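Here the structure is laid out as structure tokens; the discussion comes afterwards.
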Amino acid sequence: MARDEQLKERWDLVVEKLSTQFADGDALDLDSIIYLIGVQELGQIHRDYKKDHKLDLMHIAICKLLEPYGFYEFDFVDDEGWPHYKVKAQLPYLKAGEQSVLMKEAIVNYFVETDYIE
């Protein structure tokens, strides 16, 4: 199977499973899935978050997702339990479509590594 086809199939599976679990079947978008990963990585699941914390959660997720690509490196967890990352390499300029493919690939890899999907 071609790499692009496999990514699409796995992406669709991630969206379907997460949408069923967290959105009563309404399809979650890319940002919503990134947010969920941030909540998972923070580990403070049963908590309400303000808008600025929601952006921080997305930042945590993006750092975690792009860490295997060499862009970020885990640094430490602060006193409130929030993980911090340091930049290892600047992200290259990517067109919007290329950014989307990179993030979908990183998300699929994240859920494969966590055994959420195969």
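Starting from 1 in every chain, residues are counted up; chains themselves are A, B, ... following the order of the structure tokens, and ligands are numbered from 1 as listed.
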
Counting only C-alpha atoms, which residues of stretch 34-75 of chain A sit at most 12 Å from some atom of stretch 104-117 of chain A, and what is each one's closest atom pair with its distance in Å to one decimal, listed by chain and rising residue number, as a Markdown table?
```
| residue | atom | partner | partner_atom | distance |
| --- | --- | --- | --- | --- |
| A:Ile34 | CA | A:Ile107 | CA | 7.9 |
| A:Tyr35 | CA | A:Ile107 | CA | 11.4 |
| A:Leu36 | CA | A:Ile107 | CA | 10.9 |
| A:Ile37 | CA | A:Ile107 | CA | 8.6 |
| A:Gly38 | CA | A:Ile107 | CA | 11.5 |
| A:Gln40 | CA | A:Thr114 | CA | 11.2 |
| A:Glu41 | CA | A:Tyr110 | CA | 11.2 |
| A:Ala61 | CA | A:Ile107 | CA | 9.3 |
| A:Ile62 | CA | A:Ala106 | CA | 9.0 |
| A:Cys63 | CA | A:Ala106 | CA | 10.6 |
| A:Lys64 | CA | A:Tyr110 | CA | 8.7 |
| A:Leu65 | CA | A:Ala106 | CA | 5.5 |
| A:Leu66 | CA | A:Ala106 | CA | 6.7 |
| A:Glu67 | CA | A:Ala106 | CA | 9.3 |
| A:Pro68 | CA | A:Ala106 | CA | 8.5 |
| A:Tyr69 | CA | A:Ala106 | CA | 8.6 |
| A:Gly70 | CA | A:Ala106 | CA | 12.0 |
```

Once you have the residues from the selection above, write them out as a PDB file, in the first residue's frame, restricted to C-alpha atoms.
```
ATOM      1  CA  ILE A  34      -4.174  18.251  18.871  1.00  0.00           C
ATOM      2  CA  TYR A  35      -5.982  19.665  21.917  1.00  0.00           C
ATOM      3  CA  LEU A  36      -6.922  16.151  23.096  1.00  0.00           C
ATOM      4  CA  ILE A  37      -3.306  15.039  22.773  1.00  0.00           C
ATOM      5  CA  GLY A  38      -2.245  18.040  24.868  1.00  0.00           C
ATOM      6  CA  GLN A  40      -3.457  13.502  27.469  1.00  0.00           C
ATOM      7  CA  GLU A  41       0.178  14.585  27.715  1.00  0.00           C
ATOM      8  CA  ALA A  61       0.833  18.472  21.894  1.00  0.00           C
ATOM      9  CA  ILE A  62       2.665  20.046  18.968  1.00  0.00           C
ATOM     10  CA  CYS A  63       5.980  19.780  20.803  1.00  0.00           C
ATOM     11  CA  LYS A  64       5.289  16.137  21.691  1.00  0.00           C
ATOM     12  CA  LEU A  65       4.175  15.313  18.161  1.00  0.00           C
ATOM     13  CA  LEU A  66       7.165  16.959  16.497  1.00  0.00           C
ATOM     14  CA  GLU A  67       9.744  15.705  19.008  1.00  0.00           C
ATOM     15  CA  PRO A  68      10.433  12.509  16.993  1.00  0.00           C
ATOM     16  CA  TYR A  69      11.158  14.694  13.955  1.00  0.00           C
ATOM     17  CA  GLY A  70      13.940  16.480  15.843  1.00  0.00           C
TER      18      GLY A  70
END
```

Write out as a ChimeraX atom specification all residues of chain A that backbone DSSP assigns to helix (DSSP H, G or I). /A:3-22,30-42,51-69,96-113

Select from chain A everything DSSP, run on the backbone, classes as strand (DSSP E or B), then give the selection as a list in words.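 Answer for chain A, restricted to strand (DSSP E or B): Tyr72, Glu73, Phe74, Asp75, Phe76, Val77, Pro83, His84, Tyr85, Lys86 and Val87 of chain A.
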
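Atom CA of A:Tyr72 sits 5.6 Å away from atom CA of A:Lys86.
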
Quote the spacing between atom CA of A:Val87 and atom CA of A:Phe74 in Å to one decimal place. 9.0 Å

If I take atom CA of A:Gln21 and atom CA of A:Ser100, how far is one from the other in Å, to one decimal?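 Separation of atom CA of A:Gln21 and atom CA of A:Ser100: 22.7 Å.
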
Of the candidates A:Ile45, A:Glu5, A:His84, A:Met103, which one gets nearest to A:Ile33 if we count only C-alpha atoms?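 The closest residue to A:Ile33 is A:Met103.
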